[in-house]
Amino acid sequence: MVLTLRRVLITDEIAQQCIDILKRNGIEVVKNTALAKNKGQLLNEIKEFDGLVVRSGTKVSADIINAGSRLQIIGRAGTGVDNIDCEAATRKGVIVMNTPGGNTMSAAEHTCAMMCAMTRHIPQGTESMRAGRWDRKKYMGSELYGKTLAIIGLGRIGREVASRMQSFGMTTIGYDPLVSAEESAEFKIEWMELEKIWPLADYVTVHVPLIPPTKNLISEKVFNIAKKGVRIINVARGGIVDESALLEALNNGQCGGAALDVFLEEPPTNKDLIAHPLCISTPHLGASTVEAQTRVAEEIAQQFVDAAEGKELIGAVNAAALSNALSEASKPWVALGQAMGALASTLVPTVNGDTQLQIITQGSSMKGAGAYLKSAVLMGLLKVQVNNGINLVNAPMFAKDNGVQAKTEHKEGSASQLVVIIQQNGLAPHQLTGHAAGSSAILTEMSGCVFPNGCTLGGNVLVYTGPYSTQTFPTVAAAISQGGSSITSYSGSSEQKGVCYSLVGLESPLQNLDAIKQNVNSVHQVSL
Ligand SMILES: NC(=O)c1ccc[n+]([C@@H]2O[C@H](COP(=O)([O-])OP(=O)(O)OC[C@H]3O[C@@H](n4cnc5c(N)ncnc54)[C@H](O)[C@@H]3O)[C@@H](O)[C@H]2O)c1
Ligand SMILES: O=C(O)[C@H](O)COP(=O)(O)O
């Protein structure tokens with residue numbers, strides 16, 4: 001899959017470095033931040049661009065993505081991709097990428113700053129002095145020292161917040177379903193289940209993505225079992241803290257303070273929450289530092305350039321297979337997977353909901369390769385049927401839509417190889433085996449028939465079966481020549497149960513296979 005990035009549209013405020021890097025690499029850039037708030041115009045404009053760069057301000061909905069007839073890549077200069085319909089992008093084969101590490105420090109520092117400011121009433125004190133008051137008694141604070149901070153989400157930002165607040169003398173406890181207690185202990189965070197955390201925490205800070213399990217994570221139920229006066233910090237995403245429950249808890253004293261950088265709707269519509277004397281807030285400023293903005297602008301631009309040059313694909317959130325397809329070591333394996341998928345499609349009457357695939361990686365160097373080779377095999381398998389732009393990004397989704405079941409398995413062993421088994425209900429399974437040699441994809445076995453010298457896969461290939469006969473190849477060769485093509489390679493397999501496979505490389509595809517059909521058991525034409 002080659003990206004052709006000629007024109008890129010930027011619809012949010014991004015540092016100049018992004019534009020400079022893209023332009024230096026011959027990419028035309030249009031920056032129009034007004035489009036973030038004008039969906040109608042964006043729907044119209046997007047048609048003219050190959051790439052789109054946004055921050056959190058532009059809602060990249062399914063209709064915008066589908067209107068982007070030449071759109072190939074969406075870049076998020078930042079972390080959260082919840083403003084991008086990633087499912088719609090994947091379905092259309094559009095890569096979504098972000099720059100997750102670029103603003104970690106800024107977001108962590110903002111979290112800590114808000115925690116301090118909330119605890120010592122700094123915004124309220126500033127406001128009162130601006131109003132000419134000297135309210136020393138009203139703004140009595142408390143110490144962070146000795147208090148317990150619960151960190152929900154122990155990823156990049158959560159860990160940075162932990163180390164900073166530990167230096168204030170806070171005890172850090174936390175939860176993350178993907179981080180073990182042992183790993184968490186390495187960051188001096190005591191891992192606990194959420195139910196245990198709530199009654200212990202003086203402060204709760206959330207650093208999770210907004211996904212269905214984290215929506216309203218901090219709810220009325222949590223406030224009911226939390227320590228009276230618990231303070232809440234949200235520099236992650238609006239919607240993780242239930243804003244109505246928070247307001248209610250601030251009003252009834254169950255919550256002693258809130259520090260919010262992000263909101264369910266931005267700008268926020270819950271004015272009573274923002275106006276509450278115990279709530280301090282900032283307009284989504286977590287990543288708004290010169291350093292973070294420079295980093296994310298440079299990173300997203302460089303990632304676009306590298307992807308366009310086919311060098312590497314960094315930061316793609318919906319294209320694991322494609323990321324691997326650009327690495328030198330994986331490239332021939334991805335090509336092999338696609339070719340074996342296409343050959344597998346010739347072994348069943350039609351690929352449908354009855355089709356089951358088993359993708360087996362063998363050899364220690366292939367451990368973990370199943371995840372991306374599955375996309376490659378599915379792309380090859382479905383390519384013939386799905387005309388509508390199937391690629392390594394959307395192949396698993398098309399497979400799911402078609403009811404194709406695909407399982408991966410890894411087996412240890414000294415030799416590295418890929419095995420694809422295709423089966424349909426009531427029919428015998430067929431197995432294909434292959435490996436990569438240098439930059440070539442080699443098929444060694446097809447349905448029990450062995451290619452003694454291996455068959456190098458690629459290009460337009462005619463696959464025919466029949467009993468071994470010295471007569472068959474000359475008649476097929478004559479038909480190819482009459483059909484206006486010529487032969488570039490030939491591989492014949494051993495005979496198994498009276499059948500052998502022949503793979504004939506063609507200079508150009510044939511329009512009609514009728515002349516060949518008369519002389520063989522079966523014939524298919526595939527592009528590998
Ligand atoms: N306010 C800002 O300007 C700003 C800046 C940067 C990032 N963010 C946001 O901060 C959040 C965290 O960013 P990050 O870079 O640390 O992400 P990350 O991916 O490094 O960490 C997120 C962690 O949350 C964990 N998690 C997922 N589901 C969970 C659940 N149900 N309970 C507990 N933990 C769960 C994940 O396992 C992961 O470890 C994201 O929502 C991001 O969009 C906001
Ligand atoms: O997820 C992120 O990276 C932050 O929320 C920053 O968003 P922003 O780029 O719109 O400031």
# chains A, B, ... in the order shown; residues from 1 in each chain; ligands from 1

call {"tool": "select_by_dssp", "arguments": {"residues": "region 49-289 of chain A", "states": "strand (DSSP E)", "output": "count of residues only"}}
result
42

call {"tool": "residues_near_ligand", "arguments": {"ligand": "ligand 2", "cutoff": "6 Å", "atoms": "only C-alpha atoms and all ligand atoms", "output": "PyMOL selection string"}}
result
chain A and resi 55-57+78-80+287-288

call {"tool": "write_last_selection", "arguments": {"atoms": "all heavy atoms", "output": "PDB file, in the first residue's frame"}}
result
ATOM      1  N   ARG A  55      -6.133  18.578  15.871  1.00  0.00           N
ATOM      2  CA  ARG A  55      -5.910  18.357  17.308  1.00  0.00           C
ATOM      3  C   ARG A  55      -7.259  17.891  17.862  1.00  0.00           C
ATOM      4  O   ARG A  55      -7.898  17.078  17.207  1.00  0.00           O
ATOM      5  CB  ARG A  55      -5.394  19.648  17.944  1.00  0.00           C
ATOM      6  CG  ARG A  55      -3.909  19.823  17.680  1.00  0.00           C
ATOM      7  CD  ARG A  55      -3.384  21.125  18.202  1.00  0.00           C
ATOM      8  NE  ARG A  55      -3.493  21.260  19.639  1.00  0.00           N
ATOM      9  CZ  ARG A  55      -3.350  22.413  20.300  1.00  0.00           C
ATOM     10  NH1 ARG A  55      -3.054  23.516  19.642  1.00  0.00           N
ATOM     11  NH2 ARG A  55      -3.458  22.473  21.615  1.00  0.00           N
ATOM     12  N   SER A  56      -7.683  18.395  19.012  1.00  0.00           N
ATOM     13  CA  SER A  56      -8.964  17.893  19.530  1.00  0.00           C
ATOM     14  C   SER A  56     -10.147  18.728  19.067  1.00  0.00           C
ATOM     15  O   SER A  56     -11.295  18.383  19.328  1.00  0.00           O
ATOM     16  CB  SER A  56      -8.926  17.850  21.066  1.00  0.00           C
ATOM     17  OG  SER A  56      -8.703  19.154  21.583  1.00  0.00           O
ATOM     18  N   GLY A  57      -9.880  19.837  18.374  1.00  0.00           N
ATOM     19  CA  GLY A  57     -10.954  20.765  18.018  1.00  0.00           C
ATOM     20  C   GLY A  57     -11.838  20.323  16.867  1.00  0.00           C
ATOM     21  O   GLY A  57     -13.008  20.680  16.816  1.00  0.00           O
ATOM     22  N   GLY A  78      -1.235  14.968  18.805  1.00  0.00           N
ATOM     23  CA  GLY A  78      -1.561  14.821  20.219  1.00  0.00           C
ATOM     24  C   GLY A  78      -1.885  13.367  20.507  1.00  0.00           C
ATOM     25  O   GLY A  78      -1.536  12.480  19.711  1.00  0.00           O
ATOM     26  N   THR A  79      -2.591  13.135  21.615  1.00  0.00           N
ATOM     27  CA  THR A  79      -2.796  11.759  22.079  1.00  0.00           C
ATOM     28  C   THR A  79      -4.185  11.203  21.731  1.00  0.00           C
ATOM     29  O   THR A  79      -4.304  10.227  21.002  1.00  0.00           O
ATOM     30  CB  THR A  79      -2.615  11.710  23.615  1.00  0.00           C
ATOM     31  OG1 THR A  79      -1.379  12.323  23.940  1.00  0.00           O
ATOM     32  CG2 THR A  79      -2.636  10.277  24.130  1.00  0.00           C
ATOM     33  N   GLY A  80      -5.229  11.836  22.275  1.00  0.00           N
ATOM     34  CA  GLY A  80      -6.581  11.273  22.186  1.00  0.00           C
ATOM     35  C   GLY A  80      -7.126  11.300  20.769  1.00  0.00           C
ATOM     36  O   GLY A  80      -7.089  12.327  20.104  1.00  0.00           O
ATOM     37  N   ALA A 287      -2.072  20.168  27.068  1.00  0.00           N
ATOM     38  CA  ALA A 287      -0.974  20.005  26.104  1.00  0.00           C
ATOM     39  C   ALA A 287      -0.511  21.347  25.548  1.00  0.00           C
ATOM     40  O   ALA A 287       0.314  21.391  24.644  1.00  0.00           O
ATOM     41  CB  ALA A 287      -1.445  19.117  24.955  1.00  0.00           C
ATOM     42  N   SER A 288      -1.074  22.427  26.101  1.00  0.00           N
ATOM     43  CA  SER A 288      -0.771  23.746  25.527  1.00  0.00           C
ATOM     44  C   SER A 288       0.497  24.349  26.130  1.00  0.00           C
ATOM     45  O   SER A 288       0.427  25.281  26.939  1.00  0.00           O
ATOM     46  CB  SER A 288      -1.972  24.668  25.709  1.00  0.00           C
ATOM     47  OG  SER A 288      -3.042  24.186  24.937  1.00  0.00           O
TER      48      SER A 288
END

call {"tool": "residues_near_ligand", "arguments": {"ligand": "ligand 1", "cutoff": "8 Å", "atoms": "only C-alpha atoms and all ligand atoms", "output": "VMD selection string"}}
result
chain A and resid 78 to 82 100 to 101 103 to 104 106 to 107 152 to 159 175 to 179 206 to 211 213 to 214 217 234 to 237 261 to 262 284 to 288

call {"tool": "select_by_dssp", "arguments": {"residues": "region 383-480 of chain A", "states": "alpha helix (DSSP H)", "output": "list in words"}}
result
Ala395, Pro396, Met397, Phe398, Ala399, Lys400, Asp401, Thr472, Phe473, Pro474, Thr475, Val476, Ala477, Ala478, Ala479 and Ile480 of chain A

call {"tool": "write_last_selection", "arguments": {"atoms": "N, CA and C atoms", "output": "mmCIF file, in the first residue's frame"}}
result
data_model
loop_
_atom_site.group_PDB
_atom_site.id
_atom_site.type_symbol
_atom_site.label_atom_id
_atom_site.label_comp_id
_atom_site.auth_asym_id
_atom_site.auth_seq_id
_atom_site.Cartn_x
_atom_site.Cartn_y
_atom_site.Cartn_z
ATOM 1 N N ALA A 395 -8.905 -4.778 5.983
ATOM 2 C CA ALA A 395 -9.174 -6.193 5.657
ATOM 3 C C ALA A 395 -9.872 -6.948 6.809
ATOM 4 N N PRO A 396 -9.413 -6.834 8.079
ATOM 5 C CA PRO A 396 -10.103 -7.585 9.145
ATOM 6 C C PRO A 396 -11.575 -7.182 9.285
ATOM 7 N N MET A 397 -11.869 -5.893 9.030
ATOM 8 C CA MET A 397 -13.246 -5.436 9.138
ATOM 9 C C MET A 397 -14.116 -6.019 8.005
ATOM 10 N N PHE A 398 -13.556 -6.054 6.790
ATOM 11 C CA PHE A 398 -14.289 -6.660 5.664
ATOM 12 C C PHE A 398 -14.522 -8.152 5.933
ATOM 13 N N ALA A 399 -13.523 -8.821 6.528
ATOM 14 C CA ALA A 399 -13.657 -10.250 6.831
ATOM 15 C C ALA A 399 -14.813 -10.458 7.805
ATOM 16 N N LYS A 400 -14.865 -9.599 8.817
ATOM 17 C CA LYS A 400 -15.934 -9.699 9.815
ATOM 18 C C LYS A 400 -17.293 -9.475 9.142
ATOM 19 N N ASP A 401 -17.370 -8.469 8.280
ATOM 20 C CA ASP A 401 -18.622 -8.180 7.564
ATOM 21 C C ASP A 401 -19.081 -9.382 6.733
ATOM 22 N N THR A 472 -0.043 -31.105 -20.969
ATOM 23 C CA THR A 472 -0.849 -29.982 -20.476
ATOM 24 C C THR A 472 -0.147 -28.634 -20.663
ATOM 25 N N PHE A 473 1.105 -28.544 -20.207
ATOM 26 C CA PHE A 473 1.762 -27.237 -20.222
ATOM 27 C C PHE A 473 1.831 -26.622 -21.632
ATOM 28 N N PRO A 474 2.216 -27.404 -22.661
ATOM 29 C CA PRO A 474 2.258 -26.786 -23.999
ATOM 30 C C PRO A 474 0.899 -26.235 -24.453
ATOM 31 N N THR A 475 -0.188 -26.956 -24.122
ATOM 32 C CA THR A 475 -1.498 -26.432 -24.556
ATOM 33 C C THR A 475 -1.854 -25.158 -23.788
ATOM 34 N N VAL A 476 -1.514 -25.131 -22.458
ATOM 35 C CA VAL A 476 -1.786 -23.930 -21.662
ATOM 36 C C VAL A 476 -0.944 -22.776 -22.197
ATOM 37 N N ALA A 477 0.342 -23.053 -22.481
ATOM 38 C CA ALA A 477 1.250 -22.005 -22.983
ATOM 39 C C ALA A 477 0.718 -21.425 -24.294
ATOM 40 N N ALA A 478 0.194 -22.292 -25.142
ATOM 41 C CA ALA A 478 -0.336 -21.817 -26.427
ATOM 42 C C ALA A 478 -1.548 -20.913 -26.196
ATOM 43 N N ALA A 479 -2.407 -21.324 -25.245
ATOM 44 C CA ALA A 479 -3.603 -20.520 -24.952
ATOM 45 C C ALA A 479 -3.206 -19.149 -24.378
ATOM 46 N N ILE A 480 -2.162 -19.137 -23.561
ATOM 47 C CA ILE A 480 -1.698 -17.860 -22.986
ATOM 48 C C ILE A 480 -1.213 -16.940 -24.110
#

call {"tool": "atom_distance", "arguments": {"atom1": "CA of Arg6 (chain A)", "atom2": "CA of Lys37 (chain A)"}}
result
24.6 Å

call {"tool": "atom_distance", "arguments": {"atom1": "CA of Thr294 (chain A)", "atom2": "CA of Gly51 (chain A)"}}
result
19.8 Å

call {"tool": "residues_around", "arguments": {"residues": "Lys331 (chain A)", "least_positions_apart": "2", "cutoff": "12 Å", "atoms": "only C-alpha atoms", "output": "compact mmCIF listing (two decimals) with all heavy atoms, in the first residue's frame"}}
result
# COMPACT_ATOMS: atom_id res chain seq x y z
N MET A 1 0.85 -1.19 0.00
CA MET A 1 0.00 0.00 0.00
C MET A 1 0.89 1.24 0.00
O MET A 1 1.63 1.48 0.93
CB MET A 1 -0.87 -0.01 1.26
CG MET A 1 -1.84 1.13 1.35
SD MET A 1 -2.84 0.94 2.83
CE MET A 1 -3.56 2.56 2.97
N GLY A 310 7.26 5.53 2.39
CA GLY A 310 7.28 4.07 2.59
C GLY A 310 8.39 3.63 3.52
O GLY A 310 8.77 2.46 3.53
N LYS A 311 8.93 4.57 4.32
CA LYS A 311 10.04 4.23 5.21
C LYS A 311 9.54 3.45 6.42
O LYS A 311 9.97 2.35 6.71
CB LYS A 311 10.69 5.52 5.72
CG LYS A 311 11.79 6.05 4.85
CD LYS A 311 12.53 7.13 5.62
CE LYS A 311 13.34 7.99 4.70
NZ LYS A 311 13.59 9.30 5.26
N GLU A 312 8.63 4.06 7.16
CA GLU A 312 8.05 3.39 8.31
C GLU A 312 6.75 4.07 8.68
O GLU A 312 6.51 5.21 8.29
CB GLU A 312 9.01 3.37 9.51
CG GLU A 312 9.50 4.73 9.94
CD GLU A 312 10.53 4.65 11.05
OE1 GLU A 312 10.63 3.61 11.71
OE2 GLU A 312 11.21 5.66 11.27
N ALA A 321 -0.92 -4.04 10.73
CA ALA A 321 -0.38 -4.81 9.61
C ALA A 321 0.43 -3.91 8.69
O ALA A 321 1.49 -4.28 8.21
CB ALA A 321 -1.51 -5.45 8.82
N LEU A 322 -0.08 -2.70 8.49
CA LEU A 322 0.60 -1.78 7.59
C LEU A 322 1.92 -1.32 8.19
O LEU A 322 2.92 -1.18 7.49
CB LEU A 322 -0.32 -0.59 7.33
CG LEU A 322 0.03 0.29 6.16
CD1 LEU A 322 0.16 -0.54 4.89
CD2 LEU A 322 -1.05 1.33 5.97
N SER A 323 1.93 -1.09 9.50
CA SER A 323 3.18 -0.67 10.16
C SER A 323 4.25 -1.71 9.89
O SER A 323 5.39 -1.38 9.59
CB SER A 323 2.99 -0.54 11.68
OG SER A 323 1.92 0.29 11.96
N ASN A 324 3.87 -2.98 9.99
CA ASN A 324 4.84 -4.05 9.76
C ASN A 324 5.18 -4.21 8.29
O ASN A 324 6.29 -4.62 7.95
CB ASN A 324 4.30 -5.36 10.33
CG ASN A 324 4.42 -5.36 11.83
OD1 ASN A 324 5.50 -5.50 12.36
ND2 ASN A 324 3.32 -5.14 12.51
N ALA A 325 4.22 -3.85 7.45
CA ALA A 325 4.46 -3.99 6.01
C ALA A 325 5.58 -3.07 5.55
O ALA A 325 6.16 -3.26 4.49
CB ALA A 325 3.19 -3.69 5.23
N LEU A 326 5.86 -2.02 6.34
CA LEU A 326 6.90 -1.08 5.94
C LEU A 326 8.25 -1.42 6.57
O LEU A 326 9.24 -0.78 6.27
CB LEU A 326 6.49 0.35 6.31
CG LEU A 326 5.25 0.90 5.61
CD1 LEU A 326 5.01 2.34 5.98
CD2 LEU A 326 5.37 0.78 4.10
N SER A 327 8.29 -2.38 7.48
CA SER A 327 9.59 -2.73 8.08
C SER A 327 10.28 -3.75 7.16
O SER A 327 9.65 -4.68 6.65
CB SER A 327 9.39 -3.29 9.49
OG SER A 327 9.71 -4.65 9.54
N GLU A 328 11.56 -3.54 6.93
CA GLU A 328 12.30 -4.36 5.97
C GLU A 328 12.17 -5.85 6.28
O GLU A 328 11.99 -6.68 5.39
CB GLU A 328 13.79 -3.95 5.94
CG GLU A 328 14.07 -2.70 5.14
CD GLU A 328 13.44 -2.69 3.74
OE1 GLU A 328 13.54 -3.71 3.03
OE2 GLU A 328 12.84 -1.66 3.37
N ALA A 329 12.25 -6.20 7.58
CA ALA A 329 12.22 -7.61 7.97
C ALA A 329 10.85 -8.25 7.72
O ALA A 329 10.76 -9.42 7.35
CB ALA A 329 12.60 -7.74 9.45
N TRP A 333 7.22 -11.14 4.49
CA TRP A 333 6.23 -11.99 5.16
C TRP A 333 4.82 -11.46 4.89
O TRP A 333 3.88 -12.23 4.70
CB TRP A 333 6.50 -12.06 6.67
CG TRP A 333 7.69 -12.91 6.97
CD1 TRP A 333 8.95 -12.48 7.24
CD2 TRP A 333 7.75 -14.35 6.99
NE1 TRP A 333 9.79 -13.55 7.44
CE2 TRP A 333 9.08 -14.70 7.30
CE3 TRP A 333 6.80 -15.36 6.79
CZ2 TRP A 333 9.48 -16.04 7.40
CZ3 TRP A 333 7.21 -16.69 6.90
CH2 TRP A 333 8.53 -17.02 7.19
N VAL A 334 4.69 -10.13 4.89
CA VAL A 334 3.37 -9.55 4.60
C VAL A 334 2.99 -9.86 3.15
O VAL A 334 1.85 -10.23 2.86
CB VAL A 334 3.40 -8.01 4.89
CG1 VAL A 334 2.11 -7.35 4.40
CG2 VAL A 334 3.57 -7.76 6.38
N ALA A 335 3.97 -9.75 2.25
CA ALA A 335 3.71 -10.08 0.83
C ALA A 335 3.32 -11.56 0.72
O ALA A 335 2.40 -11.92 -0.04
CB ALA A 335 4.94 -9.79 0.00
N LEU A 336 4.01 -12.43 1.46
CA LEU A 336 3.70 -13.86 1.45
C LEU A 336 2.28 -14.10 1.95
O LEU A 336 1.51 -14.86 1.35
CB LEU A 336 4.71 -14.62 2.34
CG LEU A 336 4.46 -16.11 2.50
CD1 LEU A 336 4.81 -16.86 1.22
CD2 LEU A 336 5.28 -16.70 3.67
N GLY A 337 1.93 -13.45 3.07
CA GLY A 337 0.58 -13.60 3.64
C GLY A 337 -0.48 -13.22 2.63
O GLY A 337 -1.46 -13.94 2.44
N GLN A 338 -0.28 -12.07 1.96
CA GLN A 338 -1.27 -11.61 0.95
C GLN A 338 -1.38 -12.62 -0.19
O GLN A 338 -2.46 -12.96 -0.64
CB GLN A 338 -0.84 -10.27 0.37
CG GLN A 338 -1.09 -9.11 1.31
CD GLN A 338 -0.66 -7.79 0.69
OE1 GLN A 338 -0.79 -7.59 -0.51
NE2 GLN A 338 -0.13 -6.90 1.49
N ALA A 369 3.92 -12.41 15.08
CA ALA A 369 3.67 -11.97 13.69
C ALA A 369 2.24 -12.29 13.25
O ALA A 369 1.74 -11.67 12.31
CB ALA A 369 4.66 -12.63 12.75
N TYR A 372 -0.34 -9.32 12.60
CA TYR A 372 -0.37 -8.54 11.35
C TYR A 372 -0.46 -9.42 10.11
O TYR A 372 -1.01 -9.01 9.09
CB TYR A 372 0.82 -7.56 11.26
CG TYR A 372 2.21 -8.14 11.25
CD1 TYR A 372 2.81 -8.55 10.06
CD2 TYR A 372 2.94 -8.24 12.41
CE1 TYR A 372 4.09 -9.05 10.04
CE2 TYR A 372 4.24 -8.74 12.41
CZ TYR A 372 4.81 -9.15 11.22
OH TYR A 372 6.07 -9.65 11.20
N LEU A 373 0.03 -10.68 10.21
CA LEU A 373 -0.08 -11.56 9.04
C LEU A 373 -1.54 -11.95 8.78
O LEU A 373 -1.93 -12.21 7.64
CB LEU A 373 0.80 -12.79 9.22
CG LEU A 373 2.31 -12.50 9.11
CD1 LEU A 373 3.12 -13.77 9.26
CD2 LEU A 373 2.66 -11.81 7.79
N ALA A 376 -2.85 -9.49 6.48
CA ALA A 376 -2.29 -9.69 5.14
C ALA A 376 -3.00 -10.85 4.43
O ALA A 376 -3.40 -10.73 3.26
CB ALA A 376 -0.79 -9.97 5.26
N HIS A 435 7.38 -19.51 3.10
CA HIS A 435 8.34 -18.79 3.94
C HIS A 435 8.92 -17.62 3.15
O HIS A 435 8.72 -17.53 1.92
CB HIS A 435 9.46 -19.72 4.44
CG HIS A 435 10.30 -20.29 3.35
ND1 HIS A 435 10.07 -21.55 2.83
CD2 HIS A 435 11.34 -19.78 2.65
CE1 HIS A 435 10.95 -21.78 1.86
NE2 HIS A 435 11.74 -20.73 1.73
N ALA A 436 9.62 -16.76 3.86
CA ALA A 436 10.29 -15.64 3.19
C ALA A 436 11.77 -15.97 3.08
O ALA A 436 12.36 -16.52 4.01
CB ALA A 436 10.12 -14.36 3.99
N ALA A 437 12.36 -15.66 1.92
CA ALA A 437 13.80 -15.86 1.74
C ALA A 437 14.35 -14.56 1.17
O ALA A 437 14.00 -14.19 0.04
CB ALA A 437 14.06 -17.02 0.79
N GLY A 438 15.13 -13.85 1.95
CA GLY A 438 15.57 -12.51 1.54
C GLY A 438 14.34 -11.65 1.36
O GLY A 438 13.49 -11.58 2.26
N SER A 439 14.20 -11.05 0.18
CA SER A 439 13.02 -10.21 -0.03
C SER A 439 11.92 -10.96 -0.78
O SER A 439 10.93 -10.38 -1.20
CB SER A 439 13.43 -8.95 -0.80
OG SER A 439 13.96 -9.36 -2.05
N SER A 440 12.10 -12.28 -0.97
CA SER A 440 11.11 -13.05 -1.76
C SER A 440 10.14 -13.83 -0.88
O SER A 440 10.50 -14.30 0.21
CB SER A 440 11.84 -14.05 -2.67
OG SER A 440 12.73 -13.38 -3.50
N ALA A 441 8.92 -13.98 -1.38
CA ALA A 441 7.90 -14.80 -0.74
C ALA A 441 7.85 -16.13 -1.50
O ALA A 441 7.65 -16.15 -2.71
CB ALA A 441 6.56 -14.09 -0.81

call {"tool": "closest_residue", "arguments": {"among": "A:Arg164, A:Lys39, A:Lys221, A:Arg231", "to": "Met118 (chain A)", "atoms": "only C-alpha atoms"}}
result
A:Arg231

call {"tool": "atom_distance", "arguments": {"atom1": "CA of Asp272 (chain A)", "atom2": "CA of Ala249 (chain A)"}}
result
12.7 Å

call {"tool": "residues_around", "arguments": {"residues": "region 340-342 of chain A", "least_positions_apart": "3", "cutoff": "10 Å", "atoms": "only C-alpha atoms", "output": "ChimeraX atom specification"}}
result
/A:334-337,345-347,357,359,373-384,418-422,431-434,441-443,446,457,525-528

call {"tool": "residues_around", "arguments": {"residues": "Lys92 (chain A)", "least_positions_apart": "6", "cutoff": "9 Å", "atoms": "only C-alpha atoms", "output": "ChimeraX atom specification"}}
result
/A:65-66,72,388-391,393-394

call {"tool": "closest_residue", "arguments": {"among": "A:Ala259, A:Ile487, A:Val463, A:Leu392", "to": "Gly93 (chain A)", "atoms": "only C-alpha atoms"}}
result
A:Leu392

call {"tool": "closest_residue", "arguments": {"among": "A:Met114, A:Cys449, A:Leu200, A:Ile360", "to": "Gln417 (chain A)", "atoms": "only C-alpha atoms"}}
result
A:Ile360

call {"tool": "decode", "arguments": {"residues": "region 268-272 of chain A", "atoms": "all heavy atoms", "output": "PDB file, in the first residue's frame"}}
result
ATOM      1  N   PRO A 268     -17.542  24.022  27.698  1.00  0.00           N
ATOM      2  CA  PRO A 268     -18.537  23.351  28.541  1.00  0.00           C
ATOM      3  C   PRO A 268     -19.870  24.080  28.592  1.00  0.00           C
ATOM      4  O   PRO A 268     -19.919  25.301  28.548  1.00  0.00           O
ATOM      5  CB  PRO A 268     -17.878  23.335  29.925  1.00  0.00           C
ATOM      6  CG  PRO A 268     -16.803  24.348  29.867  1.00  0.00           C
ATOM      7  CD  PRO A 268     -16.401  24.525  28.456  1.00  0.00           C
ATOM      8  N   THR A 269     -20.926  23.263  28.695  1.00  0.00           N
ATOM      9  CA  THR A 269     -22.267  23.841  28.777  1.00  0.00           C
ATOM     10  C   THR A 269     -22.766  23.797  30.222  1.00  0.00           C
ATOM     11  O   THR A 269     -23.722  24.488  30.573  1.00  0.00           O
ATOM     12  CB  THR A 269     -23.236  23.050  27.875  1.00  0.00           C
ATOM     13  OG1 THR A 269     -23.028  21.667  28.103  1.00  0.00           O
ATOM     14  CG2 THR A 269     -23.011  23.378  26.412  1.00  0.00           C
ATOM     15  N   ASN A 270     -22.112  22.972  31.069  1.00  0.00           N
ATOM     16  CA  ASN A 270     -22.530  22.862  32.465  1.00  0.00           C
ATOM     17  C   ASN A 270     -21.956  24.047  33.254  1.00  0.00           C
ATOM     18  O   ASN A 270     -20.960  23.927  33.959  1.00  0.00           O
ATOM     19  CB  ASN A 270     -22.028  21.522  33.034  1.00  0.00           C
ATOM     20  CG  ASN A 270     -22.730  21.148  34.320  1.00  0.00           C
ATOM     21  OD1 ASN A 270     -23.240  22.023  35.029  1.00  0.00           O
ATOM     22  ND2 ASN A 270     -22.757  19.866  34.626  1.00  0.00           N
ATOM     23  N   LYS A 271     -22.614  25.184  33.105  1.00  0.00           N
ATOM     24  CA  LYS A 271     -22.089  26.436  33.686  1.00  0.00           C
ATOM     25  C   LYS A 271     -22.058  26.376  35.213  1.00  0.00           C
ATOM     26  O   LYS A 271     -21.172  26.963  35.838  1.00  0.00           O
ATOM     27  CB  LYS A 271     -22.937  27.638  33.232  1.00  0.00           C
ATOM     28  CG  LYS A 271     -23.016  27.789  31.725  1.00  0.00           C
ATOM     29  CD  LYS A 271     -21.725  28.335  31.139  1.00  0.00           C
ATOM     30  CE  LYS A 271     -21.871  28.554  29.648  1.00  0.00           C
ATOM     31  NZ  LYS A 271     -20.691  28.373  28.881  1.00  0.00           N
ATOM     32  N   ASP A 272     -23.034  25.682  35.833  1.00  0.00           N
ATOM     33  CA  ASP A 272     -23.080  25.635  37.302  1.00  0.00           C
ATOM     34  C   ASP A 272     -21.839  24.945  37.855  1.00  0.00           C
ATOM     35  O   ASP A 272     -21.333  25.311  38.919  1.00  0.00           O
ATOM     36  CB  ASP A 272     -24.327  24.857  37.771  1.00  0.00           C
ATOM     37  CG  ASP A 272     -25.593  25.640  37.479  1.00  0.00           C
ATOM     38  OD1 ASP A 272     -25.462  26.854  37.186  1.00  0.00           O
ATOM     39  OD2 ASP A 272     -26.690  25.043  37.527  1.00  0.00           O
TER      40      ASP A 272
END
